[in-house]
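These notes are about the structure you will find just below.
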Amino acid sequence: MRPIEYASPRTKEQAVRLLASTWGETAVLAGGTDLLSLLKDDVIAPRRLVNIKEIEELRGIAFDPRKGLRLGALVTIEELLDDPRVRQHYSALAEAAEGIRSPQIRNMGTVGGDLCQRPRCWYFRAGFGLLARDAQGRSLVLHGDNRYHAILGNEGPAYFVSPSSLAPPLIAYEARLRLFGPGGTREMPVQAFFRIPQSEEEREHDLRPNEIVTEILIPPPRGEASATYEVRQREALDWPLATASVALQMDGDRVTAARIVMGHVAPIPWLSPEAAQTLVNKTITEDVAQAAGEAAVRRARSLGRNGYKIQLARVAVKRAILRAVQGGAR
Amino acid sequence: MTESRSSSPAEYTWPERGHRRLIGKRLSRVDGPAKVSGKATYTYDVHRPGMLYGKILRSPYAHARIKSIDTSRAERMPGVKAVHIIQGPGTEIFWAGDEIVAVAAVDEPTAEDAIRSIRVEYEILPHLVIDTDPQRAGDMAKPTAEEIVGDPDAAFRQAEVVVEGVYGLPVITHCCLESHGLVAEWEDEENLLVHISTQAVSSIPNQMARPLGIPAGNIRVKMDHIGGGFGSKFSPDRWGIVAARLSKLAGGRPVKIMLERDAELMVAGARPSAYGRIKVGAKKDGTLLAWESTSWGTGGMGGGGRPPLPYIFEIPNQRKQHTAIMNHMGSARAWRAPNHPQACLLTMAALEDLAAELEMDPLDLFLKNIELTGRRAEIYRQELQIAADLIGWKTHWHPRGDQSHGPMKRGLGLAIHTWGGRGHASNCDLTIHPDGSVEIKLASQDLGTGTRTGITIVAAETLGLPMDRIKVMIGDSRYPASGPSGGSTTIGGVSSATRRAALDALDQLFAKVAPALNARPEDLEAVQGRIRVKGDPGRSMSWEQACATLGGMPLTVRGRNPGPGNLTSSGVGGVQMADVSVDVETGVVRINKMVAVQDCGLIIDMKTAESQCYGAMIMGIGYALYEEKIMDQLTGRMLNPNMEFYKLAGLGDVGELIVHMMTGPGYDERGVIGLGEPPVISPGAAISNAVANAIGVRVPFLPLTPDRVLEALHKKGGHHATH
């Protein structure tokens, strides 16, 4: 039997010492909602699992109107949903968490795990690698079935979509992320954490093999109007086909600044300054929201079977904007 | 001593309306508490002492020839107890996921490691995993001869309106929540015990006997509960035989093989696809004149079934041709009402499109042509009217294309279906013990339809006892043989056999106790736990007193179906209507409400009958909106062998479901007829028609996914500003 070591450190310092400096050797176990399927599908075969759930300082939600919201990496989706301060001040985040429809995943899955989970590309999960090439080096995505793949940031060689539910709203709120590794703490904007890999050796995250996500910091609420809209085929647990999270700084009815981030459309959560720009100095109407949706997908392209997602992303942006100014009304 | 009842078959009847204490009432299933508390044992739950775990190495290629197999590392691995090559070098493989080598080991991880250590060299051969275009199938397409009914050419010339369209539905999988599998163990050199998830307890021994070279009587098959079959679990399957072989190799130790989820979806069940170019000709008043269909579909290397077209409506003039495509998508199995959901979609969609062309309400079109449905025309007429009332057809139906403002478009659709459902061959032994307890044994199985409950109700009704006095024992091949649960035949079979056994047992008991009651046996009745003289209830004795007269010897009576008296028959009809909302900006379809109106003869248990309809509608919503075995043209593999991208309807997706069962005069006297399949036939067609009614254009293929809905809208052109 292929053995797996199981380590359960009490501090983040111990945790990173237990992690190898190359990918594949070790794996971090938090909620395990993705890790276990990766193990069972034989996508990864680490020799050691490092359970970080015993590290107390990775837990907890703290809110201060002047400092903002601090989420420990181990905060579960359910804890996030249960926190009235999150719902009150960061509705786009709460709405994105609501899109995770499985009570089991809400109870076990963590916010850190949501950001670190691997793509759901069916070729990747079938063992063809993150970039999904066959033995001849052909892209299976380009030549095969790409109905759920990227419409933006899809110049290659990566065509999967970022599966994170929470990254789009976090990026919309200009949240920052803290990582801890052998060299100490690193901090970066959440959007900088995601990157499009250029080779099979790279990952979709700026996370080193011996680092862990420790906390997420969201700036204090500035009275923005914010919302998330998911286009989903099923009400039951299902990956959205396209999502958008928006955060609008308002001066009365007028937008002064905007952040618009799409999910499930690109290998990374897709920040669209073009869409945001169309809103500045505007009062939100159906037409204005529509124009922002158009701008958000202006550079999108179909890989063959996923052209419909361009329309879905356009609608997600439009509806997220309208929902934001309607105060989160459904 | 009375004569045996078999000399007077007229006496084998169901109790008259008004004399039914239990039959037809809304009764909870007897094994409900065991199921919801987790006490019910499924094959997956079977753990035997010393049990080994079997795993199977499967072909990653859709079409290949095995060049070599090296199992040496697996054989040397500690904990591996048996290795068995299922298909050796030289064998041609015809679908991805086919079984190559099996191992049995002391635990699952060891078995998996052993599988990973096996090296197989393949010669990769060209594959075909597409079924939407017969042209691409080359000589793998097997066209059948054209069939002509009447004079279609003349009829199309005579037609005032002709519509033509292409419709279809893909291969889907059964996706049993309890995957296929078994535990096989040799009790000694000659005798095999099998716990297996099956729809056919009585016929599994015979199916395993020949390949294993032992008499069927040496094989005992057991199953308490099953987590879904839907037509995919009639055979022991190759892995079942393999489990027995592994057990033999391991000295008889029990070997458990339950398929992994991916294997379950790849190889353990597929419903054939069906596509068709359909042309329908009619008069302006809607009178159907002519039908033409060129249809095709696949069931893997078997080619698949042939949908009965046109469905139900016997249009007088027809030209039909069907092509079976053989390909490497994996073999098909019977899926709940084989060929009917396909035929229903192809026909009902074409008729609804005709109605739209005629600017006619499809309900009126169906009623106009209802005589073409044959002998059940009047039943369909009644069912259509009831369904229309329940869904508010007259209020909510509108001509094709919801003209209301906003992206949410609402529409209604309908379909009708039919099925057989005569009770299968069934034997049961009903035993009355001297202490008054009653048990019934038969080698049937409860597919989740409530078979135990049905048997209990029939026995309790007949013997005048409360249901909790009846012990029903099924799921063991040592009991009297009973038919496989396929074709909606179980309830008719087991309830008829049980009724006959209980009536015969009562006759024998009456003969025993008649002298004590100073009455003739034929003047006795069993009511409310007592044996009493008809019309003179004062002269009675308790059930227990009566049974005590049996002395030391329990009374066992064999009940059979078929047998004397008309207790079961065949042929049902049903109507379903769907109310949907479609978001025309996203293509997402939501079910608001569905109505099922169904007849099935005499209903034994109203609650489990309704449950069949609820479950069928939910399953139907699944294949209408979500389900598809997605094959990768490049690798030849199934891309979604998981429950993440092989999508089923969840609670939030099914809307409001309404069931109306047709009962009473005209229905009850038909006897008991099965219900498992018919209500799953119509949902695809009804929902497809509702979507067309909502958005003003046909989405030709199921499932009605956002991409397909948007594409149909796009082809229709400029329907909404944002597209």
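Going by the structure tokens order, chains are called A, B, ..., each with residues numbered from 1, while ligands are numbered from 1 in the order shown.
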>> Counting only C-alpha atoms, a student should be able to say which residues of chain B come within 10 Å of chain A; what is the right answer, written as a PyMOL selection string?
In response: chain B and resi 77-80+107-114+262+585-590+625-626+630-635+637-645+647-654+705-711+721-723
Write the residues of the preceding selection, restricted to N, CA and C atoms, as a compact mmCIF listing (two decimals), in the first residue's frame.
# COMPACT_ATOMS: atom_id res chain seq x y z
N MET B 77 2.84 -8.33 -4.66
CA MET B 77 2.57 -7.28 -3.68
C MET B 77 1.97 -7.87 -2.41
N PRO B 78 2.52 -7.54 -1.23
CA PRO B 78 1.93 -8.06 0.01
C PRO B 78 0.47 -7.60 0.14
N GLY B 79 -0.37 -8.50 0.54
CA GLY B 79 -1.79 -8.16 0.72
C GLY B 79 -2.64 -8.47 -0.49
N VAL B 80 -2.00 -8.73 -1.63
CA VAL B 80 -2.77 -9.10 -2.83
C VAL B 80 -3.02 -10.60 -2.79
N ASP B 107 -7.29 -4.86 1.46
CA ASP B 107 -8.03 -3.61 1.63
C ASP B 107 -8.04 -2.85 0.31
N GLU B 108 -8.85 -1.81 0.25
CA GLU B 108 -9.01 -1.09 -1.01
C GLU B 108 -7.73 -0.42 -1.48
N PRO B 109 -6.99 0.26 -0.59
CA PRO B 109 -5.76 0.92 -1.08
C PRO B 109 -4.77 -0.08 -1.68
N THR B 110 -4.64 -1.24 -1.05
CA THR B 110 -3.72 -2.24 -1.60
C THR B 110 -4.20 -2.70 -2.97
N ALA B 111 -5.50 -2.93 -3.08
CA ALA B 111 -6.03 -3.34 -4.38
C ALA B 111 -5.78 -2.26 -5.44
N GLU B 112 -5.94 -1.01 -5.03
CA GLU B 112 -5.70 0.08 -5.99
C GLU B 112 -4.23 0.15 -6.37
N ASP B 113 -3.36 -0.01 -5.39
CA ASP B 113 -1.92 -0.02 -5.70
C ASP B 113 -1.59 -1.14 -6.67
N ALA B 114 -2.20 -2.30 -6.44
CA ALA B 114 -1.93 -3.45 -7.31
C ALA B 114 -2.38 -3.15 -8.74
N ASP B 262 -16.88 6.47 -11.30
CA ASP B 262 -16.56 6.69 -12.72
C ASP B 262 -16.91 5.46 -13.55
N GLU B 585 -31.82 35.50 -21.52
CA GLU B 585 -30.49 36.09 -21.57
C GLU B 585 -29.40 35.09 -21.21
N THR B 586 -29.76 34.06 -20.42
CA THR B 586 -28.75 33.08 -20.00
C THR B 586 -29.04 31.68 -20.54
N GLY B 587 -30.23 31.46 -21.03
CA GLY B 587 -30.59 30.13 -21.50
C GLY B 587 -30.90 29.14 -20.39
N VAL B 588 -30.96 29.62 -19.16
CA VAL B 588 -31.24 28.71 -18.04
C VAL B 588 -32.74 28.43 -17.96
N VAL B 589 -33.07 27.15 -17.86
CA VAL B 589 -34.47 26.71 -17.78
C VAL B 589 -34.78 26.32 -16.34
N ARG B 590 -35.91 26.81 -15.82
CA ARG B 590 -36.36 26.41 -14.48
C ARG B 590 -37.76 25.79 -14.60
N LEU B 625 -33.10 18.37 -18.72
CA LEU B 625 -32.31 19.60 -18.57
C LEU B 625 -30.80 19.37 -18.42
N TYR B 626 -30.38 18.23 -17.89
CA TYR B 626 -28.98 18.15 -17.43
C TYR B 626 -28.17 16.99 -17.99
N ILE B 630 -21.12 12.68 -21.90
CA ILE B 630 -20.30 13.52 -22.79
C ILE B 630 -19.04 12.75 -23.17
N MET B 631 -18.90 12.48 -24.46
CA MET B 631 -17.76 11.70 -24.94
C MET B 631 -16.74 12.65 -25.58
N ASP B 632 -15.49 12.37 -25.31
CA ASP B 632 -14.41 13.19 -25.88
C ASP B 632 -13.98 12.58 -27.21
N GLN B 633 -14.11 13.36 -28.26
CA GLN B 633 -13.79 12.84 -29.59
C GLN B 633 -12.31 12.47 -29.70
N LEU B 634 -11.46 13.18 -28.98
CA LEU B 634 -10.02 12.94 -29.09
C LEU B 634 -9.61 11.66 -28.38
N THR B 635 -9.97 11.56 -27.11
CA THR B 635 -9.49 10.43 -26.31
C THR B 635 -10.46 9.26 -26.35
N ARG B 637 -12.90 8.93 -24.47
CA ARG B 637 -13.36 8.65 -23.10
C ARG B 637 -14.58 9.51 -22.74
N MET B 638 -15.27 9.05 -21.72
CA MET B 638 -16.33 9.87 -21.16
C MET B 638 -15.69 10.99 -20.34
N LEU B 639 -16.14 12.22 -20.58
CA LEU B 639 -15.52 13.35 -19.89
C LEU B 639 -16.15 13.65 -18.53
N ASN B 640 -17.35 13.16 -18.33
CA ASN B 640 -18.04 13.52 -17.08
C ASN B 640 -18.47 12.29 -16.29
N PRO B 641 -17.55 11.35 -16.03
CA PRO B 641 -17.95 10.17 -15.25
C PRO B 641 -17.90 10.48 -13.75
N ASN B 642 -18.65 11.47 -13.36
CA ASN B 642 -18.67 11.91 -11.96
C ASN B 642 -19.99 12.64 -11.75
N MET B 643 -20.29 12.96 -10.52
CA MET B 643 -21.57 13.64 -10.28
C MET B 643 -21.40 15.14 -10.20
N GLU B 644 -20.23 15.59 -10.64
CA GLU B 644 -19.97 17.01 -10.72
C GLU B 644 -20.43 17.55 -12.08
N PHE B 645 -20.09 16.85 -13.14
CA PHE B 645 -20.48 17.30 -14.48
C PHE B 645 -21.50 16.37 -15.12
N LYS B 647 -24.83 15.84 -14.39
CA LYS B 647 -25.67 16.58 -13.47
C LYS B 647 -27.04 15.93 -13.33
N LEU B 648 -27.50 15.81 -12.09
CA LEU B 648 -28.85 15.37 -11.81
C LEU B 648 -29.60 16.52 -11.14
N ALA B 649 -30.93 16.46 -11.22
CA ALA B 649 -31.72 17.51 -10.60
C ALA B 649 -31.61 17.43 -9.08
N GLY B 650 -31.47 18.57 -8.45
CA GLY B 650 -31.51 18.64 -6.99
C GLY B 650 -32.88 19.16 -6.56
N LEU B 651 -33.07 19.21 -5.24
CA LEU B 651 -34.38 19.62 -4.73
C LEU B 651 -34.81 20.98 -5.26
N GLY B 652 -33.85 21.90 -5.36
CA GLY B 652 -34.18 23.24 -5.81
C GLY B 652 -34.51 23.32 -7.29
N ASP B 653 -34.33 22.24 -8.00
CA ASP B 653 -34.48 22.27 -9.45
C ASP B 653 -35.79 21.67 -9.96
N VAL B 654 -36.58 21.07 -9.07
CA VAL B 654 -37.70 20.27 -9.57
C VAL B 654 -39.04 21.00 -9.54
N THR B 705 -29.71 22.64 -22.25
CA THR B 705 -28.66 23.37 -21.53
C THR B 705 -28.61 24.82 -22.02
N PRO B 706 -28.02 25.71 -21.23
CA PRO B 706 -27.97 27.11 -21.64
C PRO B 706 -27.37 27.32 -23.03
N ASP B 707 -26.32 26.57 -23.37
CA ASP B 707 -25.73 26.78 -24.69
C ASP B 707 -26.71 26.44 -25.80
N ARG B 708 -27.47 25.35 -25.61
CA ARG B 708 -28.42 24.96 -26.65
C ARG B 708 -29.59 25.94 -26.74
N VAL B 709 -30.06 26.40 -25.58
CA VAL B 709 -31.17 27.35 -25.58
C VAL B 709 -30.74 28.66 -26.26
N LEU B 710 -29.55 29.13 -25.91
CA LEU B 710 -29.07 30.38 -26.52
C LEU B 710 -28.86 30.21 -28.02
N GLU B 711 -28.36 29.05 -28.41
CA GLU B 711 -28.13 28.82 -29.84
C GLU B 711 -29.45 28.84 -30.62
N ALA B 721 -32.25 41.90 -26.88
CA ALA B 721 -31.30 42.96 -27.22
C ALA B 721 -29.86 42.59 -26.91
N THR B 722 -29.65 41.79 -25.88
CA THR B 722 -28.28 41.61 -25.43
C THR B 722 -27.55 40.53 -26.21
N HIS B 723 -28.23 39.87 -27.09
CA HIS B 723 -27.52 38.76 -27.73
C HIS B 723 -26.70 39.23 -28.93
Env of stretch 143-154 of chain B: 8 Å cut, atoms = only C-alpha atoms, seq-sep filter 2 positions within chain, self excluded. Answer as a PDB file with all heavy atoms, in the first residue's frame.
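This is the output file selection03.pdb:
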ATOM      1  N   ALA B 141     -22.720   2.400 -39.513  1.00  0.00           N
ATOM      2  CA  ALA B 141     -24.145   2.720 -39.531  1.00  0.00           C
ATOM      3  C   ALA B 141     -24.893   1.575 -40.193  1.00  0.00           C
ATOM      4  O   ALA B 141     -24.516   1.123 -41.269  1.00  0.00           O
ATOM      5  CB  ALA B 141     -24.373   4.024 -40.289  1.00  0.00           C
ATOM      6  N   PHE B 156     -49.038  13.391 -48.008  1.00  0.00           N
ATOM      7  CA  PHE B 156     -48.305  14.658 -47.899  1.00  0.00           C
ATOM      8  C   PHE B 156     -48.763  15.648 -48.978  1.00  0.00           C
ATOM      9  O   PHE B 156     -48.808  16.849 -48.746  1.00  0.00           O
ATOM     10  CB  PHE B 156     -46.786  14.421 -47.990  1.00  0.00           C
ATOM     11  CG  PHE B 156     -46.167  14.092 -46.657  1.00  0.00           C
ATOM     12  CD1 PHE B 156     -45.656  12.828 -46.391  1.00  0.00           C
ATOM     13  CD2 PHE B 156     -46.107  15.047 -45.646  1.00  0.00           C
ATOM     14  CE1 PHE B 156     -45.091  12.523 -45.163  1.00  0.00           C
ATOM     15  CE2 PHE B 156     -45.552  14.755 -44.410  1.00  0.00           C
ATOM     16  CZ  PHE B 156     -45.041  13.482 -44.167  1.00  0.00           C
ATOM     17  N   ARG B 157     -49.117  15.110 -50.179  1.00  0.00           N
ATOM     18  CA  ARG B 157     -49.632  16.006 -51.226  1.00  0.00           C
ATOM     19  C   ARG B 157     -50.965  16.614 -50.803  1.00  0.00           C
ATOM     20  O   ARG B 157     -51.252  17.774 -51.068  1.00  0.00           O
ATOM     21  CB  ARG B 157     -49.810  15.222 -52.532  1.00  0.00           C
ATOM     22  CG  ARG B 157     -48.513  15.068 -53.320  1.00  0.00           C
ATOM     23  CD  ARG B 157     -48.779  14.640 -54.761  1.00  0.00           C
ATOM     24  NE  ARG B 157     -49.533  13.390 -54.858  1.00  0.00           N
ATOM     25  CZ  ARG B 157     -48.964  12.178 -54.870  1.00  0.00           C
ATOM     26  NH1 ARG B 157     -47.647  12.048 -54.821  1.00  0.00           N
ATOM     27  NH2 ARG B 157     -49.706  11.097 -54.954  1.00  0.00           N
ATOM     28  N   GLN B 158     -51.723  15.808 -50.094  1.00  0.00           N
ATOM     29  CA  GLN B 158     -53.058  16.234 -49.664  1.00  0.00           C
ATOM     30  C   GLN B 158     -52.974  17.194 -48.461  1.00  0.00           C
ATOM     31  O   GLN B 158     -53.887  17.983 -48.225  1.00  0.00           O
ATOM     32  CB  GLN B 158     -53.830  14.962 -49.282  1.00  0.00           C
ATOM     33  CG  GLN B 158     -55.307  15.147 -49.045  1.00  0.00           C
ATOM     34  CD  GLN B 158     -55.877  13.932 -48.317  1.00  0.00           C
ATOM     35  OE1 GLN B 158     -55.320  12.831 -48.369  1.00  0.00           O
ATOM     36  NE2 GLN B 158     -56.989  14.133 -47.640  1.00  0.00           N
ATOM     37  N   ALA B 290     -50.133  12.531 -42.297  1.00  0.00           N
ATOM     38  CA  ALA B 290     -48.938  11.834 -42.779  1.00  0.00           C
ATOM     39  C   ALA B 290     -47.743  12.050 -41.859  1.00  0.00           C
ATOM     40  O   ALA B 290     -47.591  13.115 -41.264  1.00  0.00           O
ATOM     41  CB  ALA B 290     -48.590  12.322 -44.181  1.00  0.00           C
ATOM     42  N   TRP B 291     -46.938  11.011 -41.784  1.00  0.00           N
ATOM     43  CA  TRP B 291     -45.748  11.026 -40.933  1.00  0.00           C
ATOM     44  C   TRP B 291     -44.572  10.498 -41.737  1.00  0.00           C
ATOM     45  O   TRP B 291     -44.700   9.509 -42.467  1.00  0.00           O
ATOM     46  CB  TRP B 291     -45.983  10.116 -39.726  1.00  0.00           C
ATOM     47  CG  TRP B 291     -44.757   9.799 -38.918  1.00  0.00           C
ATOM     48  CD1 TRP B 291     -43.830   8.821 -39.166  1.00  0.00           C
ATOM     49  CD2 TRP B 291     -44.321  10.462 -37.728  1.00  0.00           C
ATOM     50  NE1 TRP B 291     -42.854   8.833 -38.198  1.00  0.00           N
ATOM     51  CE2 TRP B 291     -43.125   9.831 -37.303  1.00  0.00           C
ATOM     52  CE3 TRP B 291     -44.833  11.534 -36.982  1.00  0.00           C
ATOM     53  CZ2 TRP B 291     -42.439  10.237 -36.153  1.00  0.00           C
ATOM     54  CZ3 TRP B 291     -44.143  11.927 -35.837  1.00  0.00           C
ATOM     55  CH2 TRP B 291     -42.958  11.285 -35.429  1.00  0.00           C
ATOM     56  N   GLU B 292     -43.441  11.169 -41.593  1.00  0.00           N
ATOM     57  CA  GLU B 292     -42.223  10.635 -42.195  1.00  0.00           C
ATOM     58  C   GLU B 292     -41.088  10.823 -41.197  1.00  0.00           C
ATOM     59  O   GLU B 292     -40.914  11.913 -40.654  1.00  0.00           O
ATOM     60  CB  GLU B 292     -41.910  11.380 -43.495  1.00  0.00           C
ATOM     61  CG  GLU B 292     -40.709  10.825 -44.220  1.00  0.00           C
ATOM     62  CD  GLU B 292     -40.484  11.559 -45.540  1.00  0.00           C
ATOM     63  OE1 GLU B 292     -41.372  11.532 -46.405  1.00  0.00           O
ATOM     64  OE2 GLU B 292     -39.420  12.182 -45.682  1.00  0.00           O
ATOM     65  N   PRO B 316     -52.320   7.745 -40.115  1.00  0.00           N
ATOM     66  CA  PRO B 316     -52.690   6.708 -41.097  1.00  0.00           C
ATOM     67  C   PRO B 316     -51.661   6.461 -42.195  1.00  0.00           C
ATOM     68  O   PRO B 316     -51.624   5.370 -42.755  1.00  0.00           O
ATOM     69  CB  PRO B 316     -54.015   7.229 -41.685  1.00  0.00           C
ATOM     70  CG  PRO B 316     -54.132   8.655 -41.283  1.00  0.00           C
ATOM     71  CD  PRO B 316     -53.333   8.824 -40.035  1.00  0.00           C
ATOM     72  N   ASN B 317     -50.859   7.438 -42.526  1.00  0.00           N
ATOM     73  CA  ASN B 317     -49.893   7.253 -43.609  1.00  0.00           C
ATOM     74  C   ASN B 317     -48.491   7.556 -43.087  1.00  0.00           C
ATOM     75  O   ASN B 317     -48.255   8.625 -42.520  1.00  0.00           O
ATOM     76  CB  ASN B 317     -50.226   8.176 -44.776  1.00  0.00           C
ATOM     77  CG  ASN B 317     -51.650   7.961 -45.269  1.00  0.00           C
ATOM     78  OD1 ASN B 317     -51.950   6.954 -45.901  1.00  0.00           O
ATOM     79  ND2 ASN B 317     -52.542   8.886 -44.919  1.00  0.00           N
ATOM     80  N   GLN B 318     -47.591   6.596 -43.255  1.00  0.00           N
ATOM     81  CA  GLN B 318     -46.260   6.754 -42.638  1.00  0.00           C
ATOM     82  C   GLN B 318     -45.158   6.247 -43.560  1.00  0.00           C
ATOM     83  O   GLN B 318     -45.337   5.250 -44.266  1.00  0.00           O
ATOM     84  CB  GLN B 318     -46.177   5.934 -41.339  1.00  0.00           C
ATOM     85  CG  GLN B 318     -47.285   6.211 -40.338  1.00  0.00           C
ATOM     86  CD  GLN B 318     -47.216   5.273 -39.153  1.00  0.00           C
ATOM     87  OE1 GLN B 318     -46.225   4.567 -38.944  1.00  0.00           O
ATOM     88  NE2 GLN B 318     -48.263   5.260 -38.346  1.00  0.00           N
ATOM     89  N   ARG B 319     -44.034   6.929 -43.494  1.00  0.00           N
ATOM     90  CA  ARG B 319     -42.800   6.402 -44.083  1.00  0.00           C
ATOM     91  C   ARG B 319     -41.733   6.519 -42.984  1.00  0.00           C
ATOM     92  O   ARG B 319     -41.515   7.609 -42.453  1.00  0.00           O
ATOM     93  CB  ARG B 319     -42.386   7.193 -45.320  1.00  0.00           C
ATOM     94  CG  ARG B 319     -40.984   6.782 -45.808  1.00  0.00           C
ATOM     95  CD  ARG B 319     -40.513   7.556 -47.023  1.00  0.00           C
ATOM     96  NE  ARG B 319     -41.165   7.086 -48.226  1.00  0.00           N
ATOM     97  CZ  ARG B 319     -42.081   7.771 -48.907  1.00  0.00           C
ATOM     98  NH1 ARG B 319     -42.431   8.977 -48.494  1.00  0.00           N
ATOM     99  NH2 ARG B 319     -42.617   7.272 -49.983  1.00  0.00           N
ATOM    100  N   LYS B 320     -41.082   5.398 -42.662  1.00  0.00           N
ATOM    101  CA  LYS B 320     -40.156   5.390 -41.532  1.00  0.00           C
ATOM    102  C   LYS B 320     -38.890   4.637 -41.889  1.00  0.00           C
ATOM    103  O   LYS B 320     -38.958   3.593 -42.544  1.00  0.00           O
ATOM    104  CB  LYS B 320     -40.797   4.691 -40.320  1.00  0.00           C
ATOM    105  CG  LYS B 320     -42.095   5.306 -39.878  1.00  0.00           C
ATOM    106  CD  LYS B 320     -42.675   4.584 -38.680  1.00  0.00           C
ATOM    107  CE  LYS B 320     -43.311   3.268 -39.020  1.00  0.00           C
ATOM    108  NZ  LYS B 320     -44.170   2.748 -37.934  1.00  0.00           N
ATOM    109  N   GLN B 321     -37.797   5.167 -41.462  1.00  0.00           N
ATOM    110  CA  GLN B 321     -36.525   4.466 -41.665  1.00  0.00           C
ATOM    111  C   GLN B 321     -35.635   4.767 -40.479  1.00  0.00           C
ATOM    112  O   GLN B 321     -35.568   5.907 -40.012  1.00  0.00           O
ATOM    113  CB  GLN B 321     -35.886   4.922 -42.982  1.00  0.00           C
ATOM    114  CG  GLN B 321     -34.733   4.042 -43.460  1.00  0.00           C
ATOM    115  CD  GLN B 321     -33.414   4.470 -42.839  1.00  0.00           C
ATOM    116  OE1 GLN B 321     -33.191   5.654 -42.636  1.00  0.00           O
ATOM    117  NE2 GLN B 321     -32.558   3.512 -42.538  1.00  0.00           N
ATOM    118  N   HIS B 322     -34.959   3.746 -39.963  1.00  0.00           N
ATOM    119  CA  HIS B 322     -34.101   3.923 -38.788  1.00  0.00           C
ATOM    120  C   HIS B 322     -32.709   3.359 -39.051  1.00  0.00           C
ATOM    121  O   HIS B 322     -32.562   2.332 -39.718  1.00  0.00           O
ATOM    122  CB  HIS B 322     -34.711   3.218 -37.573  1.00  0.00           C
ATOM    123  CG  HIS B 322     -33.920   3.436 -36.308  1.00  0.00           C
ATOM    124  ND1 HIS B 322     -34.015   4.603 -35.576  1.00  0.00           N
ATOM    125  CD2 HIS B 322     -33.002   2.658 -35.679  1.00  0.00           C
ATOM    126  CE1 HIS B 322     -33.187   4.514 -34.526  1.00  0.00           C
ATOM    127  NE2 HIS B 322     -32.562   3.353 -34.568  1.00  0.00           N
ATOM    128  N   THR B 323     -31.721   4.048 -38.551  1.00  0.00           N
ATOM    129  CA  THR B 323     -30.338   3.592 -38.687  1.00  0.00           C
ATOM    130  C   THR B 323     -29.722   3.422 -37.305  1.00  0.00           C
ATOM    131  O   THR B 323     -29.740   4.358 -36.503  1.00  0.00           O
ATOM    132  CB  THR B 323     -29.506   4.605 -39.502  1.00  0.00           C
ATOM    133  OG1 THR B 323     -30.070   4.701 -40.811  1.00  0.00           O
ATOM    134  CG2 THR B 323     -28.060   4.158 -39.602  1.00  0.00           C
ATOM    135  N   ALA B 324     -29.233   2.228 -37.047  1.00  0.00           N
ATOM    136  CA  ALA B 324     -28.528   1.972 -35.781  1.00  0.00           C
ATOM    137  C   ALA B 324     -27.044   2.238 -36.005  1.00  0.00           C
ATOM    138  O   ALA B 324     -26.455   1.716 -36.952  1.00  0.00           O
ATOM    139  CB  ALA B 324     -28.751   0.537 -35.340  1.00  0.00           C
TER     140      ALA B 324
END
> What does the distance from atom CA of B:Arg29 to atom CA of B:Gly450 come to in Å, to one decimal?
Replying inline: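 For atom CA of B:Arg29 relative to atom CA of B:Gly450, the distance reads 6.2 Å.
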>> Which of stretch 438-590 of chain B end up as helix (DSSP H, G or I) when DSSP is run on this backbone - answer as a PyMOL selection string?
In response: chain B and resi 451-463+467-469+490-517+521-523+543-548
>> So that I can see what lies close to stretch 495-498 of chain B, please list as number ranges by chain the residues with an atom at most 7 Å from it, counting only C-alpha atoms and leaving out residues fewer than 6 positions away in the same chain.
In response: B: 426-428, 454-455, 458-459, 559-561, 567-568
